[in-house]
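Right, one structure below, let's go through it.
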Amino acid sequence: MPKQLNTALLQIAGKTSGALIELNNVTKQYPNQPVAAVQNFSMTVQPGELIMFVGPSGCGKTTTMKMINRIIEPTSGSISIDGRDVLSLDPSELRRHIGYVIQQIGLFPHMTIAENIGVVPKLLNWSKDKTADRVHELLTTVGLEPGDFAHRYPKQLSGGQQQRVGVARALAADPPVMLMDEPFGATDPITREKLQAEFLRLQASIGKTIIFVTHDFDEAVRLGDRIAVLSNRSQIEQFDTPANILANPANDYVSSFIGLGTAIKRLVLIPVTAARLGPASAASKGGTTVRTTDSLRDALDSLVLTGLPALAVVDELNKAVGSISVDQISAVLGAEVPILTPTAEA
Amino acid sequence: MVFPTATSATPVVRSRTARRSDEIWSIKRFMTPAVVLLVLVALFVGLSNMTLDSIESRTLNADYIIARVREHLGLTVVASALVAVLAIPTGILLSRTRSRTLKAIVLGIANVGQATPAVGVIILLAILWQTGYFTALVGLVVYSFLPVLRNTMIGLQQVDENVRESAFGMGMTQNQVLFRIELPLAVPVILAGLRTSLVFCVGVATIATFINAGGLGDMIVNGLKLQRYPVLVTGAVLVACIALLIDWVAATAEDVMRPRGT
């Protein structure tokens with residue numbers, strides 16, 4: 001590999017906490033297909049941003065993502081990471097500096113969990129000690145006790161545990177960019193919600209630039225800093241924050257994709273404190289309370305469950321700071337509201 | 001090791017290894033050798049109680065039998081080794097190529113090699129080339145090439161597409177994916193092919209006698225021609241026992257070499 005390209009790679013690799021990704025007029029045209037899979041896709045992703053690609057099956061969202069690490073080679077257009085042209089780099093070298101998680105996980109069945117996580121460090125010729133330290137650290141990060149799991153084989157783990165290993169493996173060499181293709185799609189709803197929450201907490205501390213593909217709009221709202229709603233040929237119908245998309249869908253396509261219950265979905269993004277709370281004395285007597293860190297969606301949930309007209313809102317110290325009722329929640333949706341960012345939520 | 005918790009993990013690993021070797025070396029595992037041993041003892045006792053005529057005693061003695069067994073095993077093992085050395089790389093290369101025509105041609109040739117009766121192949125080779133050991137060897141290789149070739153291709157093909165994609169996605173090169181992921185995962189299937197080949201070879205090596213390449217076929221054919229049934233039976237029983245034992249060794253190797261975690 002020419003020296004110049006090598007330094008370009010090193011510059012990408014040197015960054016660990018998020019890089020700028022630019023896609024410019026990227027097109028993928030498969031031979032013998034009348035229409036392109038991806039047509040003139042352009043997007044700029046800021047360092048540390050978590051971008052969700054949402055769209056129906058076959059809209060080209062996965063294809064678009066896979067062109068960034070060149071699992072799929074673009075037909076035309078340019079892709080750069082931190083200003084370095086991805087298409088001029090050696091693909092294998094490039095991929096060692098881009099985390100990659102797929103829905104089917106694809107752990108190597110004949111390697112232990114420690115060996116699976118150590119794959120990229122080994123490719124990068126890390127010392128054994130450094131790799132072992134990193135494996136230990138990452139297993140702890142994703143909530144798997146290293147002593148218990150490091151020497152197990154993938155088939156001895158549950159689906160949720162395997163997916164944690166998949167994320168740990170992608171993070172092994174501390175890449176600035178992560179590509180995630182429906183990583184939580186194959187897990188049951190409870191595990192998925194747990195993984196999502198952990199993932200948000202993790203991202204809050206590592207601040208990678210992440211492209212996250214999903215067909216689940218609720219997941220996109222929950223996780224994304226910005227959401228790109230894609231239609232056929234990976235056309236961007238709207239690219240904005242979850243709150244703005246929910247409040248002002250750009251067109252009928254976006255509205256139909258959001259589906260019913262927009263108001264309820266928006267509540268997920270708004271903290272309880274955004275509502276004008278009633279006096280604490282207005283709260284119905286009863287054990288159920290709402291925390292100031294909860295979202296309005298949680299508050300509504302509790303109100304519906306208990307059937308009470310108003311619930312007490314308590315702060316971290318369990319001190320009542322006010323009360324909330326359905327009327328006050330409705331009032332918030334009518335007004336301009338501060339946005340609860342996913343990281344703040346965690 | 002730098003894992004602070006490595007000590008706590010060690011017993012877990014040890015017990016798992018122990019369980020694995022328990023599975024491999026169970027009582028069931030020793031059934032085949034036991035049966036073979038019983039049959040051989042019965043054969044020996046039977047022969048010892050028989051009065052042999054001069055023709056029979058010329059073949060039914062330790063020196064002669066050991067020489068024939070050695071020839072037979074030599075042919076089998078060398079032929080199988082050659083098959084492994086030739087068919088596994090061919091299988092790998094074929095699975096790399098996108099050309100369907102090339103695949104069809106090579107598989108076609110291998111198919112012909114196996115579909116043609118072994119006696120035909122060996123005698124044809126003897127007529128066209130020469131008699132003796134090397135001709136028999138070539139005949140055996142041609143005959144038992146297909147199982148290893150086909151299993152190598154299938155073994156590589158059946159590796160989970162997601163596993164392959166994530167290997168590439170992590171930045172492995174073609175060769176790294178082949179040697180670190182695909183081949184280790186294909187080992188059980190390739191070994192199964194090799195096992196089939198070995199057993200084929202043991203059987204087919206009996207016809208090496210027709211082109212003067214020795215082996216236990218000598219005993220079977222002589223016994224038949226001279227109507228000395230103890231000779232015929234001894235030859236036949238020994239071939240069967242060798243086939244069973246080789247199959248047993250190969251099956252054990254398959255289990256021992258199966259990658260952990262699969």
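We label chains A, B, ... in the order they appear in the structure tokens, count residues from 1 in each chain, and number ligands from 1 in the order shown.
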Find the residues around Ala126 (chain B) up to 12 Å (only C-alpha atoms counted), leave out those fewer than 2 positions away in its own chain, and share them as JSON, numbers by chain. {"B": [119, 120, 121, 122, 123, 124, 128, 129, 130, 131, 132, 133, 134, 135, 136, 137, 138, 139, 208, 209, 210, 211, 212, 213]}
Any chance you could tabulate, as a tab-separated table, the residues of chain A at most 10 Å from chain B with each one's nearest atom pair and distance in Å to one decimal, using only C-alpha atoms, in chain and rising number order?
```
residue	atom	partner	partner_atom	distance
A:Lys66	CA	B:Gly169	CA	9.1
A:Asn69	CA	B:Gly169	CA	7.5
A:Arg70	CA	B:Gly169	CA	8.6
A:Ile71	CA	B:Gly169	CA	6.7
A:Asp90	CA	B:Gly171	CA	9.8
A:Pro91	CA	B:Gly171	CA	7.4
A:Ser92	CA	B:Gly171	CA	4.2
A:Glu93	CA	B:Gly171	CA	6.0
A:Leu94	CA	B:Gly171	CA	7.1
A:Arg95	CA	B:Gly171	CA	4.6
A:Arg96	CA	B:Gly171	CA	4.7
A:His97	CA	B:Gly171	CA	8.2
A:Ile98	CA	B:Met170	CA	7.7
A:Gly99	CA	B:Met170	CA	7.2
A:Tyr100	CA	B:Gly169	CA	6.1
A:Val101	CA	B:Ser166	CA	7.6
A:Ile102	CA	B:Ser166	CA	7.5
A:Gln103	CA	B:Asn162	CA	9.0
A:Gln104	CA	B:Asn162	CA	6.4
A:Ile105	CA	B:Asn162	CA	7.3
A:Gly106	CA	B:Val163	CA	4.2
A:Leu107	CA	B:Val163	CA	6.2
A:Phe108	CA	B:Val163	CA	6.1
A:Pro109	CA	B:Gly261	CA	5.8
A:His110	CA	B:Gly261	CA	5.0
A:Met111	CA	B:Gly261	CA	7.0
A:Thr112	CA	B:Gly261	CA	7.6
A:Val119	CA	B:Met170	CA	7.7
A:Val120	CA	B:Met170	CA	6.3
A:Leu123	CA	B:Met172	CA	7.4
A:Leu124	CA	B:Gly171	CA	9.6
A:Lys128	CA	B:Met1	CA	8.6
A:Asp129	CA	B:Val2	CA	6.3
A:Lys130	CA	B:Val2	CA	8.8
A:Thr131	CA	B:Val2	CA	9.5
A:Ala132	CA	B:Val2	CA	6.4
A:Asp133	CA	B:Val2	CA	6.6
A:Arg134	CA	B:Phe3	CA	9.9
A:Val135	CA	B:Phe3	CA	8.9
A:His136	CA	B:Phe3	CA	6.6
A:Glu137	CA	B:Phe3	CA	9.7
A:Glu145	CA	B:Thr5	CA	9.0
A:Pro146	CA	B:Thr5	CA	7.0
A:Gly147	CA	B:Thr5	CA	4.7
A:Asp148	CA	B:Ala9	CA	6.0
A:Phe149	CA	B:Ala9	CA	8.2
A:Ala150	CA	B:Ala9	CA	8.0
A:His151	CA	B:Val13	CA	6.9
A:Arg152	CA	B:Val13	CA	8.0
A:Tyr153	CA	B:Gly261	CA	5.2
A:Pro154	CA	B:Gly261	CA	7.1
A:Lys155	CA	B:Gly261	CA	6.8
A:Gln156	CA	B:Gly261	CA	8.1
A:Gly166	CA	B:Ser166	CA	9.6
A:Arg169	CA	B:Met170	CA	8.9
A:Ala170	CA	B:Met170	CA	7.6
A:Leu179	CA	B:Gly169	CA	9.8
```
Near Val177 (chain A), within 9 Å and counting only C-alpha atoms, which residues show up once chain neighbours fewer than 2 positions away are dropped, as a PyMOL selection string? chain A and resi 16-21+47-48+81+97-100+174-175+179+208-211
Residues of the last selection are to be written out with N, CA and C atoms, as a PDB file, in the first residue's frame.
```
ATOM      1  N   THR A  16     -10.687   8.105  17.996  1.00  0.00           N
ATOM      2  CA  THR A  16     -11.471   7.017  18.562  1.00  0.00           C
ATOM      3  C   THR A  16     -12.873   7.464  18.922  1.00  0.00           C
ATOM      4  N   SER A  17     -13.082   8.778  18.986  1.00  0.00           N
ATOM      5  CA  SER A  17     -14.383   9.203  19.487  1.00  0.00           C
ATOM      6  C   SER A  17     -15.193   9.939  18.440  1.00  0.00           C
ATOM      7  N   GLY A  18     -15.355   9.326  17.269  1.00  0.00           N
ATOM      8  CA  GLY A  18     -16.262   9.898  16.305  1.00  0.00           C
ATOM      9  C   GLY A  18     -15.558  10.660  15.213  1.00  0.00           C
ATOM     10  N   ALA A  19     -15.959  10.395  13.975  1.00  0.00           N
ATOM     11  CA  ALA A  19     -15.359  11.059  12.836  1.00  0.00           C
ATOM     12  C   ALA A  19     -16.477  11.589  11.947  1.00  0.00           C
ATOM     13  N   LEU A  20     -16.110  12.553  11.112  1.00  0.00           N
ATOM     14  CA  LEU A  20     -17.084  13.128  10.179  1.00  0.00           C
ATOM     15  C   LEU A  20     -17.221  12.210   8.973  1.00  0.00           C
ATOM     16  N   ILE A  21     -18.453  11.851   8.635  1.00  0.00           N
ATOM     17  CA  ILE A  21     -18.649  11.014   7.456  1.00  0.00           C
ATOM     18  C   ILE A  21     -19.396  11.824   6.402  1.00  0.00           C
ATOM     19  N   PRO A  47     -19.332  14.349  13.628  1.00  0.00           N
ATOM     20  CA  PRO A  47     -18.638  13.451  14.559  1.00  0.00           C
ATOM     21  C   PRO A  47     -19.492  13.204  15.808  1.00  0.00           C
ATOM     22  N   GLY A  48     -19.577  11.950  16.220  1.00  0.00           N
ATOM     23  CA  GLY A  48     -20.299  11.615  17.444  1.00  0.00           C
ATOM     24  C   GLY A  48     -21.801  11.520  17.287  1.00  0.00           C
ATOM     25  N   ILE A  81     -14.297   9.702   5.201  1.00  0.00           N
ATOM     26  CA  ILE A  81     -14.344   9.710   6.656  1.00  0.00           C
ATOM     27  C   ILE A  81     -13.268  10.684   7.116  1.00  0.00           C
ATOM     28  N   HIS A  97     -10.915  -0.422  10.950  1.00  0.00           N
ATOM     29  CA  HIS A  97     -11.107   0.799  11.727  1.00  0.00           C
ATOM     30  C   HIS A  97     -12.557   1.265  11.693  1.00  0.00           C
ATOM     31  N   ILE A  98     -13.456   0.385  11.260  1.00  0.00           N
ATOM     32  CA  ILE A  98     -14.883   0.687  11.273  1.00  0.00           C
ATOM     33  C   ILE A  98     -15.589  -0.463  11.974  1.00  0.00           C
ATOM     34  N   GLY A  99     -16.245  -0.180  13.073  1.00  0.00           N
ATOM     35  CA  GLY A  99     -16.983  -1.228  13.779  1.00  0.00           C
ATOM     36  C   GLY A  99     -18.164  -1.691  12.942  1.00  0.00           C
ATOM     37  N   TYR A 100     -18.467  -2.987  13.002  1.00  0.00           N
ATOM     38  CA  TYR A 100     -19.504  -3.527  12.133  1.00  0.00           C
ATOM     39  C   TYR A 100     -20.329  -4.546  12.904  1.00  0.00           C
ATOM     40  N   ASP A 174     -11.536   0.189  19.172  1.00  0.00           N
ATOM     41  CA  ASP A 174     -11.954   1.565  19.402  1.00  0.00           C
ATOM     42  C   ASP A 174     -12.077   2.357  18.103  1.00  0.00           C
ATOM     43  N   PRO A 175     -12.905   1.867  17.164  1.00  0.00           N
ATOM     44  CA  PRO A 175     -13.004   2.564  15.877  1.00  0.00           C
ATOM     45  C   PRO A 175     -13.797   3.852  16.019  1.00  0.00           C
ATOM     46  N   LEU A 179     -20.905   0.894  12.170  1.00  0.00           N
ATOM     47  CA  LEU A 179     -22.032   0.626  11.288  1.00  0.00           C
ATOM     48  C   LEU A 179     -22.846  -0.501  11.917  1.00  0.00           C
ATOM     49  N   LYS A 208     -19.210   7.615  19.560  1.00  0.00           N
ATOM     50  CA  LYS A 208     -18.815   7.230  18.205  1.00  0.00           C
ATOM     51  C   LYS A 208     -19.741   7.887  17.183  1.00  0.00           C
ATOM     52  N   THR A 209     -19.271   7.965  15.948  1.00  0.00           N
ATOM     53  CA  THR A 209     -20.177   8.296  14.861  1.00  0.00           C
ATOM     54  C   THR A 209     -20.817   6.983  14.429  1.00  0.00           C
ATOM     55  N   ILE A 210     -22.149   6.915  14.513  1.00  0.00           N
ATOM     56  CA  ILE A 210     -22.803   5.634  14.267  1.00  0.00           C
ATOM     57  C   ILE A 210     -23.866   5.764  13.184  1.00  0.00           C
ATOM     58  N   ILE A 211     -23.811   4.850  12.239  1.00  0.00           N
ATOM     59  CA  ILE A 211     -24.913   4.702  11.288  1.00  0.00           C
ATOM     60  C   ILE A 211     -25.662   3.458  11.718  1.00  0.00           C
TER      61      ILE A 211
END
```
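Using only C-alpha atoms, the contacts of Ala62 (chain B) at a cut-off of 12 Å, with sequence neighbours closer than 6 positions omitted, comprise Phe44, Arg68, Val69, Arg70 and Thr234 of chain B.
Nearest residue to Thr288 (chain A) among A:Leu317, A:Ile324, A:Ala186, A:Ile113 is A:Ile324, counting only C-alpha atoms.
Taking CA of Leu308 (chain A) and CA of Asp294 (chain A) as the two end points, the separation is 18.0 Å.
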Exercise: region 45-51 of chain B partners within 12 Å, only C-alpha atoms, chain neighbours under 4 positions left out, as a list in words: Leu38, Val39, Leu40, Val41, Ile55, Glu56, Ser57, Leu60, Asn61, Tyr229, Pro230, Val231, Val233 and Thr234 of chain B
What does the file look like for those residues with C-alpha atoms, as a compact mmCIF listing (two decimals), in the first residue's frame?
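Contents of part.txt, as written:
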```
# COMPACT_ATOMS: atom_id res chain seq x y z
CA LEU B 38 -13.36 -60.94 18.93
CA VAL B 39 -13.65 -61.84 15.26
CA LEU B 40 -9.87 -62.04 14.87
CA VAL B 41 -9.53 -64.25 17.93
CA ILE B 55 -1.05 -75.13 -0.11
CA GLU B 56 -2.97 -73.66 2.81
CA SER B 57 -0.01 -73.61 5.17
CA LEU B 60 -1.81 -69.20 6.35
CA ASN B 61 1.27 -68.29 8.31
CA TYR B 229 -11.76 -71.81 1.62
CA PRO B 230 -9.81 -71.19 4.87
CA VAL B 231 -7.48 -68.97 2.80
CA VAL B 233 -12.19 -66.63 4.42
CA THR B 234 -9.05 -65.39 6.20
```
Select from region 18-98 of chain B everything DSSP, run on the backbone, classes as alpha helix (DSSP H), then give the selection as a PyMOL selection string. chain B and resi 18-24+31-48+54-59+62-96
Within 6 Å of region 225-232 of chain A using only C-alpha atoms, minus same-chain residues under 5 positions, as number ranges by chain: A: 50-55, 59, 237-241
Neighbour list for Thr90 (chain B) as number ranges by chain, cut-off 12 Å, only C-alpha atoms, skip fewer than 5 positions in-chain: B: 83-85, 95-97, 102-103, 106-107, 110, 145-146, 148-153
Using the chain letters and numbers from this document, which residues of region 127-342 of chain A does DSSP assign to strand (DSSP E), as JSON, numbers by chain? {"A": [177, 178, 179, 180, 181, 209, 210, 211, 212, 213, 214, 226, 227, 228, 229, 230, 231, 235, 236, 237, 238, 239, 240, 289, 290, 291, 310, 311, 312, 313, 314, 320, 321, 322, 323, 324, 325]}
Residue with the minimum atom-to-atom distance to Thr252 (chain B), picked from B:Arg29, B:Arg98, B:His72, B:Arg58 with only C-alpha atoms counted, is B:Arg29
Mind giving me the straight-line distance from CA of Gly261 (chain A) to CA of Arg297 (chain A) in Å, one decimal? 11.7 Å
